[in-house]
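Shown next: run21.cif, containing mmCIF, C-alpha atoms and all ligand atoms.
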data_entry
loop_
_atom_site.label_atom_id
_atom_site.label_comp_id
_atom_site.auth_asym_id
_atom_site.auth_seq_id
_atom_site.Cartn_x
_atom_site.Cartn_y
_atom_site.Cartn_z
CA MET V 121 0.00 0.00 0.00
CA THR V 122 1.32 3.47 -0.86
CA ASN V 123 0.80 6.73 0.94
CA GLN V 124 -0.31 8.66 -2.14
CA PRO V 125 -3.29 10.78 -1.17
CA HIS V 126 -5.33 10.11 -4.32
CA ASN V 127 -4.48 6.45 -3.91
CA LEU V 128 -5.83 6.45 -0.35
CA GLU V 129 -8.90 8.32 -1.52
CA ALA V 130 -9.49 5.73 -4.23
CA GLN V 131 -9.06 2.94 -1.73
CA LEU V 132 -11.56 4.52 0.62
CA LEU V 133 -14.12 4.94 -2.11
CA GLU V 134 -13.57 1.40 -3.26
CA LEU V 135 -14.01 0.17 0.28
CA GLN V 136 -17.29 2.05 0.42
CA GLN V 137 -18.52 0.51 -2.80
CA THR V 138 -17.60 -3.11 -2.08
CA GLY V 139 -18.83 -2.69 1.46
CA GLU V 140 -22.18 -1.33 0.39
CA GLU V 141 -22.62 -4.12 -2.12
CA ALA V 142 -21.71 -6.81 0.40
CA ILE V 143 -24.02 -5.35 3.01
CA ALA V 144 -26.94 -5.04 0.61
CA SER V 145 -26.67 -8.69 -0.36
CA THR V 146 -26.53 -10.20 3.17
CA ASP V 147 -29.44 -12.43 4.04
CA SER V 148 -28.99 -12.88 7.78
CA LEU V 149 -28.47 -10.67 10.80
CA GLU V 150 -25.50 -12.80 11.86
CA ARG V 151 -23.76 -12.27 8.54
CA LEU V 152 -24.52 -8.55 8.77
CA GLU V 153 -22.78 -8.34 12.13
CA GLU V 154 -19.73 -10.08 10.63
CA LEU V 155 -19.61 -7.40 7.92
CA ARG V 156 -19.86 -4.60 10.48
CA VAL V 157 -16.83 -6.01 12.26
CA LYS V 158 -15.03 -6.58 8.97
CA TYR V 159 -15.40 -2.96 7.79
CA LEU V 160 -15.95 -0.76 10.82
CA GLY V 161 -14.66 -2.85 13.70
CA LYS V 162 -11.54 -1.96 15.69
CA LYS V 163 -9.39 -4.16 13.51
CA GLY V 164 -11.57 -3.53 10.45
CA GLU V 165 -10.62 -2.49 6.96
CA LEU V 166 -11.48 1.19 7.34
CA GLY V 167 -9.29 1.46 10.41
CA ALA V 168 -6.48 -0.29 8.54
CA LEU V 169 -6.61 2.29 5.75
CA LEU V 170 -6.72 5.21 8.15
CA ARG V 171 -3.61 4.06 9.92
CA ASN V 172 -1.80 5.29 6.81
CA MET V 173 -3.06 8.86 7.30
CA GLY V 174 -0.09 9.78 9.45
CA ARG V 175 2.06 9.77 6.38
CA LEU V 176 -0.04 12.35 4.59
CA SER V 177 0.88 16.02 4.25
CA ALA V 178 -0.82 18.54 6.53
CA GLU V 179 -3.09 19.79 3.71
CA GLU V 180 -4.07 16.36 2.56
CA ARG V 181 -4.93 14.99 5.98
CA PRO V 182 -8.22 16.87 6.62
CA LYS V 183 -9.40 16.21 3.08
CA ILE V 184 -8.83 12.47 3.37
CA GLY V 185 -10.20 12.56 6.89
CA ALA V 186 -13.44 14.08 5.59
CA ILE V 187 -13.70 11.43 2.92
CA ALA V 188 -13.05 8.72 5.49
CA ASN V 189 -15.90 10.11 7.55
CA THR V 190 -18.38 10.02 4.70
CA VAL V 191 -17.30 6.46 3.90
CA LYS V 192 -17.80 5.49 7.50
CA GLU V 193 -21.21 7.14 7.63
CA ALA V 194 -22.26 5.59 4.34
CA LEU V 195 -21.29 2.11 5.50
CA GLN V 196 -23.00 2.63 8.85
CA ALA V 197 -26.14 3.83 7.04
CA SER V 198 -26.27 0.79 4.81
CA LEU V 199 -25.71 -1.48 7.81
CA ASP V 200 -28.65 0.19 9.56
CA ARG V 201 -30.86 -0.01 6.50
CA GLN V 202 -30.06 -3.68 5.92
CA LYS V 203 -30.66 -4.45 9.57
CA VAL V 204 -34.16 -2.97 9.44
CA ALA V 205 -34.87 -4.81 6.21
CA LEU V 206 -33.67 -8.17 7.57
CA GLU V 207 -35.58 -7.78 10.81
CA SER V 208 -38.86 -7.00 9.12
CA ALA V 209 -38.32 -9.85 6.66
CA LYS V 210 -37.81 -12.15 9.62
CA ILE V 211 -41.07 -11.03 11.27
CA GLN V 212 -42.88 -11.33 7.97
CA ALA V 213 -41.64 -14.89 7.49
CA GLN V 214 -42.69 -15.76 11.02
CA LEU V 215 -46.16 -14.32 10.48
CA GLU V 216 -46.56 -16.30 7.28
CA ALA V 217 -45.34 -19.51 8.91
CA GLU V 218 -47.80 -19.09 11.78
CA THR V 219 -50.86 -18.35 9.70
CA LEU V 220 -53.98 -20.18 10.88
CA ASP V 221 -56.31 -21.66 8.37
CA VAL V 222 -59.60 -21.18 10.13
CA THR V 223 -61.41 -23.21 7.49
CA MET V 224 -59.55 -26.42 8.45
CA PRO V 225 -61.67 -29.02 10.23
CA GLY V 226 -61.12 -28.97 14.01
CA ILE V 227 -59.94 -31.76 16.30
CA PHE V 228 -62.81 -33.46 18.12
CA ARG V 229 -62.44 -33.21 21.85
CA PRO V 230 -64.69 -35.48 23.86
CA GLN V 231 -66.58 -33.49 26.45
CA GLY V 232 -67.10 -34.65 30.01
CA ARG V 233 -70.45 -34.53 31.73
CA ILE V 234 -71.59 -33.92 35.25
CA HIS V 235 -72.33 -37.23 36.94
CA PRO V 236 -76.05 -37.54 37.73
CA ILE V 237 -75.34 -37.72 41.49
CA ASN V 238 -73.17 -34.61 41.41
CA GLY V 239 -75.80 -32.94 39.25
CA ILE V 240 -78.45 -33.46 41.93
CA ILE V 241 -76.09 -32.30 44.68
CA ASP V 242 -75.23 -29.15 42.71
CA ARG V 243 -78.89 -28.34 42.14
CA ALA V 244 -79.85 -28.91 45.78
CA LEU V 245 -76.95 -26.81 47.07
CA ASP V 246 -77.85 -24.01 44.67
CA ILE V 247 -81.39 -23.95 46.00
CA PHE V 248 -80.31 -23.83 49.64
CA VAL V 249 -77.61 -21.26 48.99
CA GLY V 250 -80.38 -19.20 47.39
CA LEU V 251 -82.28 -19.52 50.66
CA GLY V 252 -79.31 -18.19 52.63
CA TYR V 253 -77.64 -21.46 53.64
CA THR V 254 -73.89 -22.09 53.77
CA VAL V 255 -72.30 -25.34 52.60
CA ALA V 256 -70.59 -27.37 55.36
CA ALA V 257 -68.74 -30.70 55.47
CA GLY V 258 -67.45 -33.29 57.91
CA PRO V 259 -65.31 -36.44 57.86
CA GLU V 260 -66.56 -39.77 56.53
CA MET V 261 -64.74 -41.67 59.25
CA GLU V 262 -66.44 -40.68 62.48
CA THR V 263 -66.45 -41.41 66.16
CA ASP V 264 -69.44 -42.96 67.85
CA TYR V 265 -69.97 -39.63 69.59
CA TYR V 266 -70.62 -37.54 66.46
CA ASN V 267 -72.53 -40.20 64.57
CA PHE V 268 -74.77 -41.34 67.46
CA GLU V 269 -74.18 -40.19 70.99
CA ALA V 270 -74.34 -36.40 70.55
CA LEU V 271 -77.34 -36.97 68.30
CA ASN V 272 -79.28 -38.27 71.27
CA THR V 273 -78.62 -41.89 70.35
CA PRO V 274 -76.80 -43.57 73.30
CA PRO V 275 -75.23 -47.05 72.91
CA ASP V 276 -78.28 -49.04 74.03
CA HIS V 277 -80.70 -46.96 71.96
CA PRO V 278 -82.91 -49.12 69.71
CA ALA V 279 -82.60 -46.55 66.91
CA ARG V 280 -79.04 -47.75 66.34
CA ASP V 281 -80.54 -50.79 64.68
CA MET V 282 -82.17 -48.54 62.09
CA GLN V 283 -78.73 -48.06 60.57
CA ASP V 284 -76.46 -51.03 60.23
CA THR V 285 -73.02 -49.58 60.85
CA PHE V 286 -69.55 -50.37 59.50
CA TYR V 287 -67.27 -50.34 62.54
CA LEU V 288 -63.53 -49.97 62.13
CA PRO V 289 -61.02 -52.03 64.17
CA ASP V 290 -59.97 -48.92 66.14
CA GLY V 291 -63.52 -48.33 67.39
CA ASN V 292 -64.31 -45.57 64.93
CA LEU V 293 -66.97 -46.04 62.28
CA LEU V 294 -67.95 -44.96 58.79
CA ARG V 295 -70.66 -42.36 59.26
CA THR V 296 -74.12 -43.74 58.62
CA HIS V 297 -75.60 -40.31 57.93
CA THR V 298 -74.57 -36.70 57.38
CA SER V 299 -76.31 -35.74 60.65
CA SER V 300 -72.86 -35.96 62.28
CA VAL V 301 -72.00 -32.71 60.49
CA GLN V 302 -74.70 -30.97 62.55
CA ILE V 303 -72.77 -31.67 65.76
CA ARG V 304 -69.36 -30.79 64.33
CA PHE V 305 -70.66 -27.49 62.99
CA MET V 306 -72.58 -26.47 66.12
CA GLU V 307 -69.57 -27.34 68.27
CA THR V 308 -67.48 -24.66 66.62
CA GLU V 309 -70.08 -22.03 65.64
CA GLU V 310 -72.69 -20.01 67.46
CA PRO V 311 -76.30 -19.46 66.33
CA PRO V 312 -77.81 -18.27 64.08
CA ILE V 313 -76.88 -21.24 61.89
CA ARG V 314 -78.09 -22.22 58.46
CA ILE V 315 -76.07 -25.00 56.83
CA VAL V 316 -76.45 -27.56 54.12
CA ALA V 317 -74.02 -30.50 54.18
CA PRO V 318 -73.68 -32.97 51.32
CA GLY V 319 -71.58 -36.10 51.63
CA ARG V 320 -71.00 -39.82 51.34
CA VAL V 321 -72.47 -42.16 53.94
CA TYR V 322 -72.05 -45.90 54.57
CA ARG V 323 -74.39 -48.69 55.61
CA ARG V 324 -74.16 -52.44 55.80
CA ASP V 325 -77.49 -52.77 54.05
CA THR V 326 -78.13 -55.60 51.67
CA VAL V 327 -77.17 -54.19 48.31
CA ASP V 328 -80.00 -54.36 45.79
CA ALA V 329 -81.56 -52.22 43.06
CA THR V 330 -82.47 -49.45 45.50
CA HIS V 331 -79.79 -49.83 48.21
CA ALA V 332 -76.05 -49.32 48.02
CA ALA V 333 -73.49 -49.72 50.81
CA VAL V 334 -72.16 -46.27 49.97
CA PHE V 335 -74.50 -43.47 49.02
CA HIS V 336 -74.95 -39.73 49.39
CA GLN V 337 -77.02 -37.61 51.70
CA ILE V 338 -77.68 -33.94 52.07
CA GLU V 339 -78.22 -32.60 55.56
CA LEU V 340 -79.97 -29.41 56.49
CA LEU V 341 -79.72 -27.54 59.78
CA ALA V 342 -81.07 -24.20 60.97
CA VAL V 343 -80.75 -22.96 64.56
CA ASP V 344 -81.90 -19.56 65.69
CA GLU V 345 -84.16 -17.86 68.20
CA GLY V 346 -87.82 -18.53 67.53
CA LEU V 347 -87.64 -21.10 64.71
CA THR V 348 -90.80 -23.21 64.51
CA PHE V 349 -92.14 -26.21 62.66
CA THR V 350 -93.76 -23.76 60.22
CA ASP V 351 -90.28 -22.54 59.20
CA LEU V 352 -89.25 -26.15 58.63
CA LYS V 353 -92.31 -26.87 56.51
CA GLY V 354 -91.93 -23.71 54.45
CA THR V 355 -88.26 -24.41 53.78
CA ILE V 356 -88.83 -28.04 52.76
CA LYS V 357 -91.78 -27.10 50.58
CA GLU V 358 -89.83 -24.37 48.80
CA PHE V 359 -86.90 -26.76 48.24
CA LEU V 360 -89.03 -29.62 46.90
CA GLN V 361 -90.93 -27.28 44.60
CA GLN V 362 -87.72 -25.90 43.11
CA MET V 363 -86.35 -29.44 42.77
CA PHE V 364 -89.35 -31.36 41.46
CA GLY V 365 -91.88 -28.74 40.42
CA ASP V 366 -95.21 -28.01 41.98
CA LEU V 367 -96.18 -31.51 43.16
CA PRO V 368 -98.36 -32.47 46.15
CA ILE V 369 -96.32 -33.10 49.30
CA ARG V 370 -97.30 -34.30 52.76
CA PHE V 371 -95.67 -34.44 56.19
CA ARG V 372 -96.15 -37.70 58.06
CA ALA V 373 -95.35 -38.06 61.78
CA SER V 374 -92.27 -40.22 62.29
CA TYR V 375 -89.42 -40.81 64.69
CA PHE V 376 -85.75 -39.87 64.76
CA PRO V 377 -83.74 -39.71 68.00
CA PHE V 378 -82.27 -36.30 67.16
CA THR V 379 -85.53 -34.51 66.35
CA GLU V 380 -88.73 -33.95 68.28
CA PRO V 381 -91.26 -33.81 66.75
CA SER V 382 -90.06 -35.72 63.69
CA ALA V 383 -91.65 -36.18 60.31
CA GLU V 384 -91.14 -37.87 57.00
CA VAL V 385 -91.93 -36.03 53.82
CA ASP V 386 -93.72 -37.73 50.94
CA LEU V 387 -93.98 -36.44 47.42
CA GLN V 388 -96.65 -37.47 44.94
CA TRP V 389 -94.86 -38.62 41.82
CA ASN V 390 -96.60 -40.32 38.92
CA GLY V 391 -99.64 -41.00 41.09
CA ARG V 392 -97.64 -42.62 43.93
CA TRP V 393 -96.55 -41.24 47.31
CA LEU V 394 -92.76 -41.45 47.57
CA GLU V 395 -90.93 -40.96 50.83
CA VAL V 396 -88.22 -38.40 50.07
CA MET V 397 -86.81 -37.07 53.34
CA GLY V 398 -86.70 -37.12 57.11
CA CYS V 399 -86.92 -33.97 59.19
CA GLY V 400 -87.94 -32.44 62.49
CA MET V 401 -87.28 -29.88 65.19
CA VAL V 402 -83.83 -30.37 66.70
CA ASP V 403 -84.18 -32.29 69.97
CA PRO V 404 -83.23 -30.13 73.01
CA ASN V 405 -80.78 -32.87 74.04
CA VAL V 406 -78.85 -32.29 70.82
CA LEU V 407 -78.67 -28.55 71.46
CA LYS V 408 -77.47 -29.24 75.00
CA ALA V 409 -74.78 -31.63 73.74
CA VAL V 410 -73.16 -28.75 71.82
CA GLY V 411 -73.63 -26.22 74.60
CA TYR V 412 -76.59 -24.30 73.17
CA ASP V 413 -79.34 -23.22 75.54
CA PRO V 414 -82.60 -24.87 74.36
CA GLU V 415 -84.54 -22.22 76.31
CA ILE V 416 -83.17 -19.59 73.92
CA TYR V 417 -82.65 -21.46 70.68
CA THR V 418 -84.71 -23.81 68.58
CA GLY V 419 -83.76 -25.46 65.33
CA PHE V 420 -84.94 -27.66 62.54
CA ALA V 421 -83.08 -30.30 60.57
CA ALA V 422 -83.65 -32.53 57.59
CA GLY V 423 -81.80 -35.19 55.68
CA PHE V 424 -82.34 -36.92 52.41
CA GLY V 425 -80.73 -39.44 50.09
CA VAL V 426 -79.33 -38.09 46.85
CA GLU V 427 -79.60 -41.42 45.00
CA ARG V 428 -83.30 -41.51 45.84
CA PHE V 429 -83.77 -38.10 44.24
CA ALA V 430 -81.73 -39.18 41.21
CA MET V 431 -83.86 -42.30 40.75
CA VAL V 432 -87.03 -40.24 40.79
CA LEU V 433 -85.81 -37.31 38.69
CA HIS V 434 -84.06 -39.46 36.08
CA GLN V 435 -86.51 -42.39 36.28
CA LEU V 436 -83.80 -44.92 37.08
CA ASP V 437 -84.75 -48.48 37.91
CA ASP V 438 -81.44 -49.68 39.36
CA ILE V 439 -79.13 -47.50 41.45
CA ARG V 440 -76.15 -49.76 40.76
CA ARG V 441 -76.01 -48.42 37.20
CA VAL V 442 -75.08 -45.00 38.50
CA TYR V 443 -71.81 -46.37 39.86
CA ALA V 444 -70.98 -48.83 37.11
CA SER V 445 -69.05 -46.19 35.07
CA ASP V 446 -70.76 -47.38 31.91
CA LEU V 447 -70.41 -44.45 29.54
CA ARG V 448 -73.42 -45.52 27.49
CA PHE V 449 -75.47 -45.01 30.62
CA LEU V 450 -73.74 -41.87 31.94
CA ARG V 451 -73.83 -40.08 28.59
CA GLN V 452 -77.60 -39.83 28.84
CA PHE V 453 -77.39 -37.14 31.50
N1 LIG G 1 -80.15 -39.01 59.46
C1 LIG G 1 -81.42 -39.55 58.99
C2 LIG G 1 -81.15 -40.81 58.21
O1 LIG G 1 -80.06 -41.00 57.77
C3 LIG G 1 -82.14 -38.58 58.12
C4 LIG G 1 -82.62 -37.40 58.90
C5 LIG G 1 -83.84 -37.43 59.51
C6 LIG G 1 -81.82 -36.29 59.04
C7 LIG G 1 -84.31 -36.37 60.22
C8 LIG G 1 -82.27 -35.22 59.77
C9 LIG G 1 -83.53 -35.27 60.36
O2 LIG G 1 -81.55 -34.11 59.93
O3 LIG G 1 -83.99 -34.20 61.06
O4 LIG G 1 -82.03 -41.60 58.01
#
Go ahead and express the file in the form of structure tokens.
Amino acid sequence: MTNQPHNLEAQLLELQQTGEEAIASTDSLERLEELRVKYLGKKGELGALLRNMGRLSAEERPKIGAIANTVKEALQASLDRQKVALESAKIQAQLEAETLDVTMPGIFRPQGRIHPINGIIDRALDIFVGLGYTVAAGPEMETDYYNFEALNTPPDHPARDMQDTFYLPDGNLLRTHTSSVQIRFMETEEPPIRIVAPGRVYRRDTVDATHAAVFHQIELLAVDEGLTFTDLKGTIKEFLQQMFGDLPIRFRASYFPFTEPSAEVDLQWNGRWLEVMGCGMVDPNVLKAVGYDPEIYTGFAAGFGVERFAMVLHQLDDIRRVYASDLRFLRQF
């Protein structure tokens, strides 16, 4: 390389031209960066040429310096331009690659359904929540105390025979009804109380078309000052009407250890009276067991079997089908 000024000028201009051509024809951002380093980097070609400037005369130096500046600016400008072009081309390609053809047929996704038992529970809870009740729950493994004793059913009570119980080796039992939730809730809360408690219950009944060893109940409990049997009747009537429609119902005197008086509720369905739930005014002994003063508070309670409701509402003839997990059956709901 010589130090002739016009020679250096020619070299600079040539560098600009080849540089601009190379930059304009790059097709990737990585390659573009390589070119930036090649021409404008610390050890780049422009810098290499300028290192010869020291040998120029004092008049020539600013002239060549000015040319070097325009070359540098021109190369930087084409690098910038090409960078913008490559970036937008990249986005464009990505957009095209990700285009959705909304006319393509979709992928069939099988849809689950609410199980008929859960469906009934959901409906019943909705109704009671609408009446101002709160949903409560208790354990399925219970002590004798919560399942029987606190519910005014001591060990020698004949009512224990009404429910054939699964006892566990440790003396606990599988709850035979959701009434145990009444005690657990009242133990920790003060009146006024309005709860609805759904859950699984267990009985050693003979299993047949209408009895299962495991089934579901929904329990109702209200305790407040001044509650009467009329409140109980009104609540049950409102619930059954929302559940089954406006059908005839009747209250029949009955017996449960934890309510006094007690009643069973029948519903006229397809010309027949069906027993659908048990209920009554909470026995003062039950209120005493949880530390409530029966002189101040009264309450009403009710309990019913969900499977029973499902059989009526869905006209099922055999409850065992509900648990058989046969999709042909379950898909009907
Ligand atoms: N626990 C009773 C049963 O399983 C149903 C029942 C009857 C619940 C009367 C109640 C009630 O709360 O007041 O057969």
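Around ligand LIG 1 (chain G), using all atoms listed in the file and a cut-off of 8 Å, the residues in contact are Gln283, Thr296, His297, Thr298, Ser299, Gln302, Gln337, Glu339, Leu340, Leu341, Phe376, Phe378, Thr379, Ser382, Ala383, Glu384, Met397, Gly398, Cys399, Gly400, Met401, Val402, Phe420, Ala421, Ala422, Gly423, Phe424 and Gly425 of chain V.
Distances to Val410 in chain V were evaluated for V:Ala270, V:Val385, V:Leu251, V:Ile187 using all atoms listed in the file, and the minimum falls at V:Ala270.
Excluding range 361-363 of chain V itself and any same-chain residue fewer than 5 positions from it, the protein and nucleic acid residues within 9 Å of it, counting all atoms listed in the file, are V:Ile240, V:Arg243, V:Ala244, V:Ile247, V:Ile356, V:Leu433.
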Would you write out those residues with C-alpha atoms, as a compact mmCIF listing (two decimals), in the frame of the given file?
# COMPACT_ATOMS: atom_id res chain seq x y z
CA ILE V 240 -78.45 -33.46 41.93
CA ARG V 243 -78.89 -28.34 42.14
CA ALA V 244 -79.85 -28.91 45.78
CA ILE V 247 -81.39 -23.95 46.00
CA ILE V 356 -88.83 -28.04 52.76
CA LEU V 433 -85.81 -37.31 38.69
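One distance worth recording is that between CA of Gly365 in chain V and CA of Asp351 in chain V, which is 19.8 Å.
Nearest residue to Lys203 in chain V among V:Arg229, V:Arg295, V:His235, V:Arg151 is V:Arg151, counting only C-alpha atoms.
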Work out how far CA of Phe364 in chain V is from CA of Asp386 in chain V, in Å to one decimal. 12.2 Å
Show which residues sit within 9 Å of Leu387 in chain V, as a PyMOL selection string. Count all atoms listed in the file, and ignore same-chain residues fewer than 4 positions away. chain V and resi 360+367-370+392-396
Tell me which protein, DNA and RNA residues are within 9 Å of Leu149 in chain V, counting all atoms listed in the file, leaving out same-chain ones fewer than 6 positions away, and put them as an mmCIF file with C-alpha atoms, keeping the file's coordinate frame.
data_model
loop_
_atom_site.group_PDB
_atom_site.id
_atom_site.type_symbol
_atom_site.label_atom_id
_atom_site.label_comp_id
_atom_site.auth_asym_id
_atom_site.auth_seq_id
_atom_site.Cartn_x
_atom_site.Cartn_y
_atom_site.Cartn_z
ATOM 1 C CA GLN V 202 -30.060 -3.680 5.920
ATOM 2 C CA LYS V 203 -30.660 -4.450 9.570
ATOM 3 C CA LEU V 206 -33.670 -8.170 7.570
ATOM 4 C CA GLU V 207 -35.580 -7.780 10.810
#
Using all atoms listed in the file, which of V:Asp366, V:Arg440, V:Leu245, V:Tyr287 sits nearest Phe335 in chain V? V:Arg440
For Lys192 in chain V, list every protein, DNA or RNA residue within 8 Å, evaluated using all atoms listed in the file, and leave out those in the same chain fewer than 3 positions away; present the list as a short mmCIF file (atom, residue, chain, number, x, y, z; two decimals) with C-alpha atoms, keeping the file's coordinate frame.
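result-v1.cif was written with the following content:
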data_model
loop_
_atom_site.label_atom_id
_atom_site.label_comp_id
_atom_site.auth_asym_id
_atom_site.auth_seq_id
_atom_site.Cartn_x
_atom_site.Cartn_y
_atom_site.Cartn_z
CA GLN V 136 -17.29 2.05 0.42
CA LEU V 160 -15.95 -0.76 10.82
CA LEU V 166 -11.48 1.19 7.34
CA ALA V 188 -13.05 8.72 5.49
CA ASN V 189 -15.90 10.11 7.55
CA LEU V 195 -21.29 2.11 5.50
CA GLN V 196 -23.00 2.63 8.85
#
